[in-house]
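This is data29.txt. It holds compact mmCIF, C-alpha atoms.
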```txt
# COMPACT_ATOMS: atom_id res chain seq x y z
CA MET A 11 22.62 -7.25 -27.70
CA GLN A 12 23.84 -7.93 -24.17
CA ASP A 13 24.21 -4.17 -23.54
CA GLU A 14 20.76 -3.47 -24.89
CA ARG A 15 19.32 -6.05 -22.58
CA GLN A 16 21.20 -4.64 -19.59
CA ASP A 17 19.76 -1.25 -20.44
CA LEU A 18 16.34 -2.79 -20.66
CA ILE A 19 16.74 -4.22 -17.17
CA ASP A 20 18.08 -0.96 -15.77
CA GLN A 21 15.37 1.13 -17.24
CA ARG A 22 12.56 -1.17 -16.33
CA MET A 23 13.47 -1.57 -12.71
CA GLN A 24 11.61 1.15 -10.94
CA ASP A 25 13.24 1.47 -7.58
CA LEU A 26 10.66 3.88 -6.28
CA ASN A 27 10.85 2.43 -2.84
CA ASN A 28 13.84 3.94 -1.09
CA ASP A 29 14.40 0.91 1.04
CA GLY A 30 18.17 0.62 0.75
CA VAL A 31 18.02 -2.50 -1.38
CA ASP A 32 19.90 -1.72 -4.55
CA ARG A 33 18.10 -3.93 -7.01
CA ARG A 34 19.78 -2.33 -9.96
CA GLY A 35 23.20 -3.22 -8.71
CA PHE A 36 22.13 -6.72 -7.86
CA LEU A 37 20.59 -7.32 -11.26
CA LYS A 38 23.54 -5.90 -13.18
CA CYS A 39 25.45 -8.89 -11.98
CA MET A 40 22.88 -11.25 -13.38
CA ALA A 41 23.33 -12.60 -16.83
CA TRP A 42 20.17 -11.97 -18.79
CA ALA A 43 20.11 -14.74 -21.32
CA GLY A 44 16.53 -15.82 -21.59
CA THR A 45 16.23 -16.64 -17.91
CA GLY A 46 13.25 -15.55 -15.88
CA LEU A 47 13.16 -12.94 -13.15
CA VAL A 48 11.68 -14.03 -9.88
CA TRP A 49 10.28 -11.36 -7.58
CA THR A 50 9.35 -12.42 -4.10
CA MET A 51 8.50 -10.45 -1.01
CA SER A 52 10.39 -11.27 2.13
CA GLY A 53 9.36 -9.35 5.22
CA GLY A 54 7.96 -6.58 3.05
CA VAL A 55 11.17 -6.10 1.05
CA PRO A 56 11.17 -7.11 -2.61
CA VAL A 57 13.94 -9.53 -3.42
CA SER A 58 14.67 -10.60 -6.94
CA ARG A 59 16.80 -13.36 -8.24
CA ALA A 60 17.32 -14.81 -11.66
CA PHE A 61 16.49 -18.42 -12.15
CA ALA A 62 17.52 -20.78 -14.88
CA ARG A 63 15.26 -23.34 -16.41
CA GLY A 64 15.19 -26.44 -14.26
CA ARG A 65 15.40 -24.83 -10.87
CA GLY A 66 11.76 -23.84 -11.24
CA LYS A 67 10.93 -27.51 -10.92
CA HIS A 68 11.83 -27.55 -7.25
CA GLU A 69 10.04 -24.31 -6.48
CA GLY A 70 6.87 -25.51 -8.12
CA GLN A 71 6.96 -28.82 -6.38
CA ASN A 72 7.29 -27.18 -3.01
CA ALA A 73 4.45 -24.87 -3.85
CA ARG A 74 2.15 -27.70 -4.74
CA ASP A 75 3.21 -29.87 -1.81
CA ASN A 76 2.43 -27.05 0.58
CA GLY A 77 -1.05 -26.50 -0.84
CA GLY A 78 0.11 -23.63 -2.97
CA PHE A 79 -0.56 -23.20 -6.65
CA SER A 80 0.47 -21.23 -9.69
CA PHE A 81 -1.41 -19.37 -12.40
CA VAL A 82 -0.36 -17.49 -15.52
CA GLN A 83 -1.24 -13.96 -16.60
CA ILE A 84 -1.27 -13.15 -20.30
CA SER A 85 -2.25 -9.80 -21.73
CA ASP A 86 -2.85 -7.64 -24.79
CA SER A 87 -3.26 -10.32 -27.43
CA HIS A 88 -4.83 -7.67 -29.78
CA MET A 89 -6.33 -10.34 -32.03
CA GLY A 90 -6.90 -8.70 -35.41
CA PHE A 91 -3.84 -6.41 -35.32
CA ASN A 92 -1.85 -6.78 -38.54
CA LYS A 93 0.50 -3.81 -38.85
CA PRO A 94 4.33 -3.92 -39.25
CA ALA A 95 5.01 -4.26 -35.52
CA ASN A 96 3.63 -7.82 -35.73
CA GLN A 97 1.82 -9.18 -38.75
CA ASP A 98 1.02 -12.50 -37.10
CA VAL A 99 -0.46 -12.03 -33.66
CA VAL A 100 -2.03 -15.49 -33.97
CA ALA A 101 1.43 -17.10 -34.09
CA THR A 102 2.71 -15.16 -31.09
CA LEU A 103 -0.39 -15.93 -29.01
CA GLN A 104 0.07 -19.58 -29.94
CA ALA A 105 3.71 -19.30 -28.85
CA ALA A 106 2.49 -17.98 -25.49
CA VAL A 107 0.17 -20.98 -25.14
CA ASP A 108 3.04 -23.32 -26.05
CA LYS A 109 5.13 -21.62 -23.36
CA ILE A 110 2.36 -22.14 -20.82
CA ASN A 111 2.09 -25.79 -21.81
CA GLY A 112 5.85 -26.19 -21.43
CA LEU A 113 5.94 -24.96 -17.82
CA GLN A 114 7.29 -27.49 -15.33
CA ASN A 115 4.27 -26.93 -13.13
CA PRO A 116 1.01 -26.49 -15.00
CA PRO A 117 -0.85 -23.34 -13.95
CA GLU A 118 -4.25 -23.97 -12.42
CA PHE A 119 -5.86 -21.20 -14.46
CA LEU A 120 -5.07 -18.22 -16.65
CA LEU A 121 -5.79 -14.52 -16.20
CA HIS A 122 -6.13 -12.37 -19.33
CA THR A 123 -5.76 -8.72 -18.43
CA GLY A 124 -7.46 -7.35 -21.52
CA ASP A 125 -7.12 -6.06 -25.08
CA ILE A 126 -8.09 -9.59 -25.99
CA SER A 127 -9.25 -8.30 -29.38
CA HIS A 128 -8.00 -5.36 -31.40
CA LEU A 129 -11.35 -4.00 -32.57
CA SER A 130 -13.96 -5.74 -30.37
CA LYS A 131 -15.00 -7.92 -33.32
CA THR A 132 -16.74 -11.26 -32.77
CA GLU A 133 -14.31 -13.20 -34.94
CA GLN A 134 -11.38 -11.73 -33.01
CA PHE A 135 -12.78 -12.85 -29.64
CA ASP A 136 -13.60 -16.24 -31.22
CA ASN A 137 -10.03 -16.59 -32.43
CA VAL A 138 -8.53 -15.97 -29.00
CA ASP A 139 -10.96 -18.37 -27.34
CA GLN A 140 -10.02 -21.00 -29.90
CA ILE A 141 -6.28 -20.60 -29.35
CA LEU A 142 -6.62 -20.61 -25.56
CA LYS A 143 -8.53 -23.89 -25.75
CA GLY A 144 -5.13 -25.44 -26.48
CA ALA A 145 -3.71 -24.33 -23.12
CA SER A 146 -3.23 -26.89 -20.36
CA ALA A 147 -5.24 -24.65 -18.02
CA LYS A 148 -8.88 -24.76 -19.04
CA ASP A 149 -10.16 -21.96 -16.83
CA VAL A 150 -9.45 -18.46 -18.09
CA PHE A 151 -10.55 -15.31 -16.25
CA PHE A 152 -10.80 -12.13 -18.30
CA VAL A 153 -11.05 -8.40 -17.76
CA PRO A 154 -11.56 -6.07 -20.75
CA GLY A 155 -9.11 -3.63 -22.28
CA GLU A 156 -10.19 -0.47 -24.10
CA HIS A 157 -9.92 -2.36 -27.41
CA ASP A 158 -12.55 -4.84 -26.18
CA VAL A 159 -15.29 -2.30 -25.53
CA ILE A 160 -15.14 -0.13 -28.65
CA ASP A 161 -18.42 1.16 -30.17
CA ASP A 162 -20.86 -0.76 -27.98
CA ASN A 163 -19.80 0.29 -24.49
CA GLY A 164 -18.72 -3.25 -23.69
CA LYS A 165 -22.01 -4.96 -24.54
CA SER A 166 -20.50 -7.75 -26.68
CA TYR A 167 -17.64 -8.22 -24.21
CA LEU A 168 -20.11 -8.62 -21.38
CA GLU A 169 -22.28 -11.07 -23.31
CA ARG A 170 -19.27 -13.25 -23.92
CA TYR A 171 -17.27 -12.93 -20.70
CA GLY A 172 -19.63 -11.40 -18.16
CA LYS A 173 -21.37 -14.41 -16.64
CA GLY A 174 -21.55 -13.98 -12.92
CA ALA A 175 -20.01 -10.54 -13.10
CA GLN A 176 -21.40 -7.29 -11.74
CA GLY A 177 -21.98 -3.99 -13.50
CA ALA A 178 -19.63 -3.59 -16.45
CA GLY A 179 -17.94 -6.93 -15.77
CA TRP A 180 -16.18 -6.80 -12.40
CA TYR A 181 -16.13 -9.84 -10.11
CA SER A 182 -14.17 -11.73 -7.48
CA PHE A 183 -13.44 -15.34 -6.67
CA ASP A 184 -11.45 -17.37 -4.19
CA HIS A 185 -8.88 -20.02 -4.99
CA LYS A 186 -7.14 -22.02 -2.28
CA GLY A 187 -7.26 -19.20 0.21
CA VAL A 188 -6.30 -16.38 -2.17
CA HIS A 189 -8.92 -13.77 -3.04
CA PHE A 190 -8.94 -12.61 -6.68
CA ILE A 191 -10.62 -9.38 -7.81
CA GLY A 192 -11.14 -8.61 -11.52
CA LEU A 193 -11.78 -4.92 -12.23
CA VAL A 194 -12.92 -2.91 -15.27
CA ASN A 195 -11.24 0.46 -15.73
CA VAL A 196 -11.72 1.05 -19.46
CA LEU A 197 -15.31 2.30 -19.69
CA ASN A 198 -16.81 5.81 -19.55
CA LEU A 199 -13.41 7.35 -20.06
CA LYS A 200 -13.53 11.15 -19.86
CA SER A 201 -11.87 13.48 -22.31
CA GLY A 202 -8.31 14.16 -21.15
CA GLY A 203 -8.60 11.50 -18.46
CA LEU A 204 -6.97 8.21 -17.55
CA GLY A 205 -8.48 4.83 -16.73
CA SER A 206 -11.61 4.93 -14.59
CA LEU A 207 -13.21 2.55 -12.09
CA GLY A 208 -16.30 4.60 -11.26
CA GLY A 209 -18.29 5.00 -8.05
CA GLU A 210 -20.42 1.87 -8.39
CA GLN A 211 -17.40 -0.38 -8.82
CA LEU A 212 -15.50 1.30 -5.98
CA ASP A 213 -18.44 0.77 -3.61
CA TRP A 214 -18.56 -2.86 -4.68
CA ILE A 215 -14.83 -3.32 -3.92
CA GLY A 216 -15.35 -1.97 -0.42
CA LYS A 217 -18.20 -4.38 0.24
CA ASP A 218 -16.39 -7.30 -1.42
CA VAL A 219 -13.34 -7.18 0.89
CA LYS A 220 -15.05 -5.93 4.03
CA HIS A 221 -15.26 -9.23 5.86
CA LEU A 222 -12.06 -10.85 4.64
CA LYS A 223 -9.33 -11.64 7.18
CA HIS A 224 -6.36 -9.27 6.90
CA SER A 225 -4.10 -12.24 6.31
CA THR A 226 -5.93 -13.22 3.12
CA PRO A 227 -3.60 -12.70 0.15
CA ILE A 228 -5.32 -10.49 -2.42
CA VAL A 229 -4.72 -10.46 -6.18
CA VAL A 230 -6.30 -7.60 -8.14
CA PHE A 231 -6.25 -7.69 -11.92
CA ALA A 232 -7.33 -4.93 -14.32
CA HIS A 233 -6.24 -3.74 -17.74
CA ILE A 234 -4.91 -0.21 -17.27
CA PRO A 235 -2.30 0.13 -14.52
CA LEU A 236 -3.79 1.04 -11.16
CA TRP A 237 -0.73 3.15 -10.39
CA SER A 238 0.60 6.19 -12.18
CA VAL A 239 3.10 4.78 -14.66
CA PHE A 240 3.03 7.63 -17.20
CA PRO A 241 -0.10 9.83 -17.22
CA ALA A 242 0.84 11.72 -20.40
CA TRP A 243 0.31 8.47 -22.29
CA GLY A 244 -2.82 7.47 -20.39
CA TRP A 245 -0.90 4.92 -18.32
CA GLY A 246 -2.75 5.24 -15.03
CA THR A 247 -6.20 5.21 -13.42
CA ASP A 248 -7.83 8.41 -12.16
CA ASP A 249 -9.66 6.90 -9.18
CA SER A 250 -7.54 3.93 -8.14
CA ALA A 251 -6.53 5.53 -4.83
CA GLN A 252 -9.94 4.74 -3.34
CA ALA A 253 -9.70 1.12 -4.47
CA LEU A 254 -6.26 0.76 -2.91
CA ALA A 255 -7.49 2.37 0.30
CA TYR A 256 -9.95 -0.51 0.73
CA LEU A 257 -7.03 -2.94 0.43
CA ARG A 258 -4.68 -1.18 2.83
CA LYS A 259 -5.50 -3.48 5.73
CA PHE A 260 -4.32 -6.62 3.92
CA GLY A 261 -0.86 -8.06 4.49
CA SER A 262 -0.29 -9.03 0.87
CA VAL A 263 -1.79 -7.37 -2.20
CA THR A 264 -0.59 -8.15 -5.72
CA VAL A 265 -1.90 -5.94 -8.53
CA LEU A 266 -1.57 -7.37 -12.02
CA ASN A 267 -2.13 -5.07 -15.01
CA GLY A 268 -1.48 -4.94 -18.76
CA HIS A 269 -2.01 -2.10 -21.27
CA ILE A 270 1.59 -0.86 -21.47
CA HIS A 271 3.04 -3.91 -23.26
CA GLN A 272 6.16 -4.15 -21.08
CA THR A 273 6.96 -5.33 -17.60
CA MET A 274 7.17 -2.82 -14.84
CA GLN A 275 7.07 -3.31 -11.11
CA LYS A 276 6.52 -1.08 -8.12
CA VAL A 277 6.20 -1.83 -4.45
CA GLU A 278 4.30 0.35 -2.00
CA GLY A 279 4.13 -1.09 1.48
CA ASN A 280 2.22 -4.35 1.23
CA VAL A 281 1.13 -3.76 -2.36
CA THR A 282 3.16 -5.06 -5.29
CA PHE A 283 2.16 -3.64 -8.67
CA HIS A 284 3.19 -5.54 -11.77
CA THR A 285 2.48 -5.10 -15.48
CA ALA A 286 2.79 -7.85 -18.05
CA MET A 287 4.21 -7.96 -21.54
CA SER A 288 1.87 -8.26 -24.50
CA THR A 289 1.65 -11.37 -26.64
CA ALA A 290 1.15 -9.14 -29.71
CA PHE A 291 3.58 -6.20 -29.92
CA PRO A 292 5.87 -4.16 -27.66
CA GLN A 293 5.44 -0.47 -26.88
CA PRO A 294 8.10 2.12 -26.11
CA GLN A 295 9.27 2.88 -22.60
CA PRO A 296 7.66 5.95 -21.03
CA GLY A 297 8.64 9.10 -22.87
CA LYS A 298 11.08 7.36 -25.20
CA ALA A 299 8.92 7.93 -28.28
CA ASP A 300 6.35 10.44 -29.59
CA SER A 301 3.46 8.24 -28.61
CA PRO A 302 2.68 4.91 -26.91
CA GLY A 303 1.88 3.09 -30.15
CA PRO A 304 3.17 -0.25 -31.46
CA MET A 305 6.96 -0.34 -31.52
CA LYS A 306 8.56 -1.99 -34.53
CA VAL A 307 11.74 -3.94 -33.81
CA PRO A 308 13.85 -6.24 -36.03
CA ALA A 309 11.98 -9.51 -36.59
CA GLU A 310 14.46 -11.60 -34.64
CA GLN A 311 14.01 -9.40 -31.54
CA LEU A 312 10.20 -9.39 -31.44
CA ARG A 313 9.65 -12.49 -29.31
CA ALA A 314 12.18 -11.30 -26.75
CA LEU A 315 9.82 -8.39 -26.03
CA LEU A 316 6.64 -10.44 -25.79
CA GLY A 317 5.84 -12.80 -22.96
CA ILE A 318 3.78 -14.29 -20.15
CA THR A 319 3.78 -13.89 -16.38
CA ASN A 320 3.85 -16.92 -14.11
CA VAL A 321 2.64 -16.37 -10.54
CA ASN A 322 3.33 -18.77 -7.72
CA TYR A 323 1.58 -18.82 -4.39
CA ILE A 324 3.38 -20.70 -1.68
CA ARG A 325 1.08 -21.48 1.18
CA GLY A 326 2.31 -20.15 4.47
CA GLN A 327 4.13 -17.35 2.71
CA GLN A 328 1.82 -14.42 2.24
CA SER A 329 3.74 -13.24 -0.78
CA LEU A 330 3.29 -14.38 -4.35
CA ALA A 331 6.28 -14.95 -6.61
CA VAL A 332 5.85 -13.23 -9.95
CA VAL A 333 7.98 -14.52 -12.83
CA ASP A 334 8.07 -12.92 -16.28
CA SER A 335 9.36 -14.88 -19.22
CA THR A 336 9.63 -13.95 -22.88
CA LEU A 337 8.43 -15.91 -25.88
CA GLY A 338 11.88 -16.13 -27.42
CA MET B 9 -15.39 67.28 -75.43
CA THR B 10 -19.05 68.13 -75.89
CA LYS B 11 -21.32 68.78 -72.93
CA THR B 12 -22.96 65.34 -73.31
CA ASN B 13 -19.64 63.64 -73.57
CA THR B 14 -18.39 65.31 -70.42
CA TRP B 15 -21.52 64.34 -68.54
CA PHE B 16 -21.26 60.77 -69.82
CA ALA B 17 -17.60 60.54 -68.96
CA GLY B 18 -18.39 61.82 -65.50
CA LEU B 19 -21.12 59.24 -65.03
CA VAL B 20 -18.89 56.42 -66.15
CA MET B 21 -16.18 57.62 -63.85
CA ARG B 22 -18.60 57.84 -60.94
CA LEU B 23 -19.89 54.38 -61.74
CA MET B 24 -16.38 52.98 -61.99
CA PHE B 25 -15.36 54.67 -58.81
CA GLY B 26 -18.42 53.27 -57.09
CA MET B 27 -17.69 49.78 -58.36
CA LEU B 28 -14.11 50.11 -57.30
CA LEU B 29 -15.26 51.03 -53.83
CA LEU B 30 -17.67 48.12 -53.74
CA CYS B 31 -15.05 45.67 -54.95
CA ALA B 32 -12.45 47.02 -52.59
CA GLY B 33 -14.99 46.96 -49.80
CA SER B 34 -16.09 43.37 -50.35
CA ALA B 35 -12.53 42.21 -50.96
CA THR B 36 -11.61 43.58 -47.56
CA VAL B 37 -14.64 41.87 -46.00
CA SER B 38 -13.80 38.46 -47.53
CA ALA B 39 -10.15 38.53 -46.58
CA LYS B 40 -10.76 39.40 -42.95
CA ASP B 41 -14.03 37.82 -41.79
CA GLN B 42 -14.49 34.62 -43.80
CA PRO B 43 -12.53 31.61 -42.41
CA SER B 44 -11.05 29.37 -45.09
CA ALA B 45 -13.36 26.50 -46.07
CA ALA B 46 -10.52 24.65 -47.77
CA ASN B 47 -8.87 23.27 -44.59
CA ALA B 48 -11.58 20.93 -43.39
CA GLU B 49 -9.27 17.99 -42.77
CA VAL B 50 -7.93 16.60 -39.53
CA ALA B 51 -5.17 13.98 -39.60
CA ILE B 52 -5.04 11.48 -36.76
CA ASP B 53 -1.47 10.34 -36.20
CA ASN B 54 0.84 9.48 -33.33
CA PHE B 55 -2.04 9.53 -30.84
CA SER B 56 -2.93 13.13 -31.68
CA PHE B 57 -5.31 15.19 -33.82
CA GLY B 58 -3.69 17.59 -36.26
CA PRO B 59 -4.45 20.45 -36.23
CA GLN B 60 -5.63 20.18 -32.64
CA THR B 61 -7.83 23.25 -33.18
CA LEU B 62 -9.50 23.60 -36.57
CA THR B 63 -11.54 26.65 -37.55
CA VAL B 64 -14.19 26.28 -40.26
CA PRO B 65 -17.17 28.26 -41.57
CA VAL B 66 -20.75 27.27 -40.82
CA GLY B 67 -21.80 24.50 -43.19
CA ALA B 68 -18.31 23.07 -43.59
CA THR B 69 -17.73 19.32 -43.54
CA VAL B 70 -14.74 18.18 -41.54
CA THR B 71 -13.11 14.86 -42.42
CA TRP B 72 -10.88 13.03 -39.96
CA THR B 73 -8.47 10.47 -41.47
CA ASN B 74 -6.67 7.96 -39.28
CA ARG B 75 -3.05 7.76 -40.37
CA ASP B 76 -1.97 6.03 -37.15
CA ASP B 77 -1.29 2.31 -36.89
CA ILE B 78 -3.79 2.02 -34.05
CA PRO B 79 -7.58 2.49 -34.21
CA HIS B 80 -9.13 5.67 -32.80
CA THR B 81 -12.54 7.28 -32.48
CA VAL B 82 -13.78 10.86 -32.79
CA VAL B 83 -16.32 11.67 -30.08
CA SER B 84 -17.83 15.04 -29.23
CA THR B 85 -17.77 15.74 -25.50
CA GLU B 86 -21.25 17.30 -25.82
CA GLY B 87 -22.78 14.37 -27.66
CA VAL B 88 -22.96 16.21 -31.01
CA PHE B 89 -21.11 13.59 -33.06
CA LYS B 90 -19.59 10.18 -32.49
CA SER B 91 -17.67 8.06 -34.99
CA LYS B 92 -17.49 4.30 -35.06
CA VAL B 93 -13.98 2.98 -34.50
CA ARG B 94 -11.65 4.09 -37.32
CA ASP B 95 -8.73 1.84 -38.13
CA THR B 96 -5.73 2.94 -40.26
CA ASP B 97 -6.81 4.89 -43.40
CA GLU B 98 -10.47 4.95 -42.39
CA LYS B 99 -12.31 8.28 -42.29
CA PHE B 100 -15.08 10.01 -40.41
CA SER B 101 -16.90 13.13 -41.61
CA PHE B 102 -19.28 15.55 -39.92
CA THR B 103 -20.99 18.65 -41.27
CA PHE B 104 -21.18 21.59 -38.87
CA THR B 105 -24.43 23.48 -39.44
CA LYS B 106 -24.28 25.68 -36.34
CA ALA B 107 -21.62 28.09 -35.16
CA GLY B 108 -19.86 27.24 -31.93
CA THR B 109 -16.91 25.43 -30.37
CA TYR B 110 -16.98 21.66 -30.48
CA PRO B 111 -14.45 19.90 -28.22
CA TYR B 112 -13.94 16.22 -28.93
CA TYR B 113 -11.63 13.33 -27.97
CA CYS B 114 -10.79 9.72 -28.75
CA SER B 115 -12.93 7.54 -26.48
CA VAL B 116 -10.37 4.72 -26.68
CA HIS B 117 -7.39 6.93 -25.81
CA PRO B 118 -8.94 9.85 -23.90
CA LYS B 119 -5.71 11.81 -23.60
CA MET B 120 -6.19 12.60 -27.33
CA THR B 121 -8.25 15.78 -27.51
CA GLY B 122 -9.08 18.39 -30.13
CA ARG B 123 -11.71 20.95 -31.06
CA VAL B 124 -13.48 22.39 -34.05
CA VAL B 125 -14.36 26.08 -34.00
CA VAL B 126 -17.24 26.91 -36.32
CA GLN B 127 -17.65 30.57 -37.25
```

Rewrite the coordinates I just gave you, this time as structure tokens.
Amino acid sequence: MQDERQDLIDQRMQDLNNDGVDRRGFLKCMAWAGTGLVWTMSGGVPVSRAFARGRGKHEGQNARDNGGFSFVQISDSHMGFNKPANQDVVATLQAAVDKINGLQNPPEFLLHTGDISHLSKTEQFDNVDQILKGASAKDVFFVPGEHDVIDDNGKSYLERYGKGAQGAGWYSFDHKGVHFIGLVNVLNLKSGGLGSLGGEQLDWIGKDVKHLKHSTPIVVFAHIPLWSVFPAWGWGTDDSAQALAYLRKFGSVTVLNGHIHQTMQKVEGNVTFHTAMSTAFPQPQPGKADSPGPMKVPAEQLRALLGITNVNYIRGQQSLAVVDSTLG
Amino acid sequence: MTKTNTWFAGLVMRLMFGMLLLCAGSATVSAKDQPSAANAEVAIDNFSFGPQTLTVPVGATVTWTNRDDIPHTVVSTEGVFKSKVRDTDEKFSFTFTKAGTYPYYCSVHPKMTGRVVVQ
């Protein structure tokens, strides 16, 4: 079990930045026994360290004292899924909420990066809304996944979650000095293509960030990864380069995505890309299976492959600390 | 044999020969030019359509069956047909009344592509 987990760490660390910091070597020394992984940026270099429960208390307190805050990202709840990979996605979503409620420092809001429902059905959206009502954080910001816009081009998603949003449901908001941008890259997908933002949304992004100070920390959240994780499986966005170009001037950009049902991280200059685990079922690592579908694992291992992402903003530090933790 | 018998035998033989030619002729035509109407099924599994290219005769009905554990759709890139979402074991059928090539894909997972060739 320990070896499997070491392999998991090794394979999931994408050291695509040849910056001389050997994260793999550093992490091999860390015992992975249900602890979280903290990623922080220090002078543009990603530094990770494992933390045990309890130490987080101090970090959170400092964050709050300094006018910082934390929020939690959850993703891919797939309400309505009932196949062998997980026949009780309600229980695992509830476990995620329990985890959120057990955090030393309550998050100020939640981000859901899509695939809220499995088949875009009303009762599935209702179910998720109901379960999330039990979370300590009452504000939840959503972006749709491809499973949320099936058959009706996103009409029912927009009716439910699109208040104040533009176009197909994109929007931005500010929270304690951090600028958040929610994007939709799961509509009008072309045959053979990847995720798509579209011209109208790209223009909007340009206008939205035009007058922001370069020191404003930016958090972008969208369902499909905005970087090329594994195109053969549709894990990427065709036109994300233009979006990222608009964000190049900012000192700190954190991109939070879902869709791939596993954590993956990449750093490119001032941009940190991060994908979250699902609360419903895991998927195989790129190329390790025939297709990116639900991955069945022994029942006792399931919750170790599902999880939430806790993000801490410490005022004065441009960077955000991103912490993944599993449900079990 | 009598003269009549010979003539009759000859006629029969000519008729038989003619029929043989006809049969042989049409048998050749059927074997070569008519695509099989039996294989009008496409299985959706492992994020792919199988067979990826299906050839059918004009008037054939193609039925897609989702054997995957994830929902998919069947959408013509030219707007000719479009299924509602199909979960595991659900089907979608379309009857092709005009010859042509019909590329399609899954609108939820657009890397999944296929085509139907109607001859």

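Distance annotation: of B:His117, B:Leu62, B:Val88, B:Val82, the residue with the minimal separation from Ala48 (chain B) is B:Leu62; atom set is all atoms listed in the file.
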
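Atom pair CA of Lys93 (chain A) / CA of Val138 (chain A) has a distance of 18.1 Å (rounded to one decimal).
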
Subject >> Residues of chain A within 10 Å of chain B, counting all atoms listed in the file, as a PyMOL selection string >> reply: chain A and resi 91-95+128-130+155-162+196-205+241-245+299-304

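When only C-alpha atoms are used to measure the gap to Ala255 (chain A), the shortest distance among A:Ala175, A:Val229, A:Leu142, A:Leu212 belongs to A:Leu212.
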
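Distance check against Gln134 (chain A) using all atoms listed in the file: of A:Leu207, A:Met89, A:Val265, A:Ala290, the minimum falls on A:Met89.
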
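Going from CA of Gly338 (chain A) over to CA of Thr264 (chain A), you cover 26.3 Å.
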
Subject >> Polymer residues at most 12 Å from Lys106 (chain B), all atoms listed in the file, same-chain spacing of 4 or more positions, as number ranges by chain >> reply: B: 64-69, 88, 102, 110, 124-127

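By chain and then residue number, the residues within 12 Å of Val239 (chain A) are A:Arg22, A:Gln24, A:Leu26, A:Leu204, A:Gly205, A:Ile234, A:Gly244, A:Trp245, A:Gly246, A:Thr247, A:Asp248, A:Asn267, A:Gly268, A:His269, A:Ile270, A:Gln272, A:Thr273, A:Met274, A:Gln275, A:Lys276, A:Phe283, A:His284, A:Thr285, A:Gln295, A:Pro296, A:Gly297, counting only C-alpha atoms and disregarding those fewer than 5 positions away in sequence.
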
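CA of Val99 (chain A) to CA of Phe291 (chain A) spans 8.0 Å [interatomic distance, one decimal].
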
Original post:
Any idea what's packed within 12 Å of Asp136 (chain A), counting all atoms listed in the file, ignoring anything in its chain fewer than 2 positions away? Could you give it as JSON, numbers by chain?
Top reply: {"A": [89, 90, 100, 126, 127, 130, 131, 132, 133, 134, 138, 139, 140, 141, 142, 143, 166, 167, 170, 171]}

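Of the residues listed (A:Glu169, A:Asp184, A:Asp334, A:Glu118), A:Asp334 shows the shortest atom-to-atom separation from Met287 (chain A); distances use only C-alpha atoms.
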
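Between Thr226 (chain A) and the candidates A:Phe152, A:Phe240, A:Phe190, A:Tyr256, the tightest atom-to-atom separation, counting all atoms listed in the file, involves A:Phe190.
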
Subject >> For Ala331 (chain A), the nearest of the candidates A:Gln211, A:Asn115, A:Thr319, A:Ser87, counting only C-alpha atoms >> reply: A:Thr319

Would you mind completing region 108-118 of chain B so that it carries N, CA and C atoms, and writing it out as a tab-separated table (two decimals), in the frame of the given file?
```tsv
chain	number	residue	atom	x	y	z
B	108	GLY	N	-20.15	27.61	-33.32
B	108	GLY	CA	-19.86	27.24	-31.93
B	108	GLY	C	-18.51	26.57	-31.82
B	109	THR	N	-18.17	26.15	-30.60
B	109	THR	CA	-16.91	25.43	-30.37
B	109	THR	C	-17.25	24.01	-29.99
B	110	TYR	N	-16.64	23.06	-30.66
B	110	TYR	CA	-16.98	21.66	-30.48
B	110	TYR	C	-15.75	20.86	-30.01
B	111	PRO	N	-15.58	20.72	-28.68
B	111	PRO	CA	-14.45	19.90	-28.22
B	111	PRO	C	-14.77	18.41	-28.43
B	112	TYR	N	-13.73	17.65	-28.74
B	112	TYR	CA	-13.94	16.22	-28.93
B	112	TYR	C	-12.70	15.46	-28.45
B	113	TYR	N	-12.78	14.14	-28.41
B	113	TYR	CA	-11.63	13.33	-27.97
B	113	TYR	C	-11.77	11.93	-28.55
B	114	CYS	N	-10.75	11.12	-28.34
B	114	CYS	CA	-10.79	9.72	-28.75
B	114	CYS	C	-11.25	8.94	-27.53
B	115	SER	N	-12.37	8.24	-27.65
B	115	SER	CA	-12.93	7.54	-26.48
B	115	SER	C	-12.11	6.31	-26.09
B	116	VAL	N	-11.22	5.87	-26.98
B	116	VAL	CA	-10.37	4.72	-26.68
B	116	VAL	C	-9.09	5.20	-25.97
B	117	HIS	N	-8.61	6.36	-26.39
B	117	HIS	CA	-7.39	6.93	-25.81
B	117	HIS	C	-7.71	8.36	-25.40
B	118	PRO	N	-8.36	8.54	-24.25
B	118	PRO	CA	-8.94	9.85	-23.90
B	118	PRO	C	-7.96	11.00	-23.71
```
